[in-house]
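One structure is given below, encoded as structure tokens.
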Amino acid sequence: MTTRPVLTVEIAFDSSAIAWNPSSWTDVTAYVRDIAIRRGRTDEIEDFTAGTCTLTFDNRDRRFDPLNTASPYNGKLLSRRQIRVKATWAGTTYTLFRGNVSGWGVSPDVSGDSVWQVEAYDWLAYLAGVTLPASLLAYYVVGLTSPDITTYLPLGTSDQVCLDQVGSNDYTHTISDPKTGEDVGPFLGGGSQQYDGTYGTIGPVIDSAGAWTVSFWFKTDVPGPAGGLNPILAGAGPDPVTIGIDEYGRLAYRRGSGNTAHSGFSAIDPSIWHNGTIGYDGSGVVQIWVDGLLLSAGNATGTGTDGTGFQLIGFSTNPVDSTYFTGNLAHIIFYSDTTYVTQTELFAKQTHAAGMQGRFIFDSTDSYAGYTTCQLAGYISNVAGIDPTLTDQDDGEIIPMGITLGGTALQAIQQLAYTERGRTFVNGLGRLQIQGSNHDYTSTNSTTVQSIFTDADLSVTPHSAPFSAVSAIQYNDAHLVNQAEVTIGSGSGYTASDSTSQATYGIRRQTYDTWLGSQDQARTYGDIVISQYSEPQLRIESWTVNPYTSASYAFPEILTREISDRVRLDLFTDEAYPISQEMLIEQIEHQITPETWLTTYSGSPAVHAWLLEDATYGLLEDTTILG
């Protein structure tokens, strides 16, 4: 009778580090002495680290010696060759690990024996070695795909990288000499990616006689001179139309020598980007929007020479104005509307949240959609070199904002997962898993118990396996949080508190730095934290299975289980006080030698947060706790 799975260890000596279908795999199982695999994290609070596989090989014939020219693998013992470990049980083969060998070496001992011990890491380690280019963040105004765009002037600043796309082309701003720059046409092009108001530029002539809408981003703390404007856009005629910041810091529109319409409130700040949108109806009425809010509607009829239209970007020839705009500009877009913009049109055409300069752009065929943390994590992994077909990706719930990159692909992906309250890990097959915050509520493997680890009678308990050891069962304050301060990508965050918990246990404060896009999202995030952690929790830190004690029951369960699966641990040793807890697997470890096999799991309590007035997560069930 078979009492253990058949193990297979293979190395892809002839293929690249990330090729999913290597040209060949070489079976090296006969030389394996022991295997140790670890994938996951200790609990739901921690980041996932790269999965590891440590193998010890018999190397007495020096076949794994990279200096041995007689080795059958001579010239192929290269760093980062792919390796995989498989186990076959009852006719089914399971992959326990797939990753990359870090390097090769020989370790002889005094007895004349010689072994090769290799460390292999999964693709999280690969992502940790890829530094993201600054150009990965390509900010984009949603309306760019609108058919009624007549002019797009991307511009760009040192803190707003522009790799904007129109059709299949990249367009960036060319800084020109003051007042004498080239007429660059309706879509600015060139090599520069910075615009800081040092110079103005002569752009295309944009007719201001009829109805139109213009949208742009600006950041400045400098008001205009008395009676004039800090100019953003201006005409080139003797009595031109002008858009800029007036002496009171308000976003203003002046039509020739006529009336000036303005935002009513100051819109200047040295550190925050604002979106300005101005719509003109063609007959003298203008609307001014700041960050998606209509702040003014007024008559702006004047005697200006309408036919000259807008042409000057970041400077003005009107003596009452400042000569050059002081501050930063980006994403100036003109629309050929038949009437001035409505609120519905505005929301459809642009991102308008305060402080948000745009969003990621994936490719030139990108259509309007709000990309979630999961989608962006998938995009980043693709940029890093992982084929998107090798990624299993949830839709995600959160559209992040205020994203800043300055590290590796793994750091960015982990921060996106943290913002989403999701998971990013590599499964046993070697596929990247990007799970959103609703995964534990919607995935069958996470909502329904998949295996039961118990000391009860296995013959009457389906999908059960015996545990051989259980770590400390704790009920303490290790994860207690009763004041959750949630920061967001841009703007004010939110602090969630539980006064009852604070009165009982004192204040346990935790800050969560996220790329959330709104205070409402921060409120939900904080409320979830409080609902889950404002009281001490029963935690079984880990449990171990020795499958040899009941191979026919144990191996089908331990070979099938994966991170984020829901399982149950039943302890009936003390019949008077039994313990039963449902867990979500967070970490899997295998220790395998010719004589032994131990599998250890770590998990997090499978407890759902309860959100009041939420159609999906506001429903009570037996695993819901009330915060």
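Ordering of the structure tokens sets the chain letters (A, B, ...), residue numbers begin anew at 1 in every chain, and ligands are numbered from 1 in the order given.
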
Q. Counting only C-alpha atoms, what is within 7 Å of Ala465 (chain A), bar same-chain residues fewer than 4 positions away, as a list in words?
A.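 Returned residues: Ile452, Phe453, Thr454, Leu458, Tyr553, Ala554 and Glu557 of chain A.
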
Export of the given selection (C-alpha atoms) as a CSV table (one decimal), in the first residue's frame:
```
chain,number,residue,atom,x,y,z
A,452,ILE,CA,-10.9,19.9,8.8
A,453,PHE,CA,-7.9,19.2,11.0
A,454,THR,CA,-9.1,17.3,14.0
A,458,LEU,CA,-11.5,10.7,10.6
A,553,TYR,CA,-6.9,10.8,4.9
A,554,ALA,CA,-4.1,13.3,5.3
A,557,GLU,CA,-6.0,17.3,2.2
```

Q) So, counting only C-alpha atoms, which residue among A:Ser296, A:Trp20, A:Arg4, A:Thr599 is closest to Leu390 (chain A)? A) A:Trp20

Q: Kindly indicate which residue among A:Ile245, A:Val460, A:Leu416, A:Ala120 lies nearest to Trp515 (chain A), using only C-alpha atoms for the distances.
A: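 Result for the nearest residue to Trp515 (chain A): A:Leu416.
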
(Q) Neighbouring residues of Leu598 (chain A) were defined as those with any atom within 8 Å, considering only C-alpha atoms; residues of the same chain fewer than 6 positions away were excluded. Please report them as number ranges by chain. (A) A: 544-547, 590-592

Q. To one decimal place, how far is CA of Val115 (chain A) from CA of Arg60 (chain A) in Å?
A. 6.8 Å

Q: Tell me, in Å to one decimal, how far CA of Trp597 (chain A) is from CA of Tyr94 (chain A).
A: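 According to the coordinates, CA of Trp597 (chain A) and CA of Tyr94 (chain A) are separated by 15.6 Å.
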
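The space between CA of Gly235 (chain A) and CA of Ser215 (chain A) spans 16.5 Å.
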
Q | Selection near Asp565 (chain A), 10 Å with only C-alpha atoms, sequence-local residues under 4 positions removed, as a ChimeraX atom specification | A | /A:440,443-451,560-561,583-586,603,606
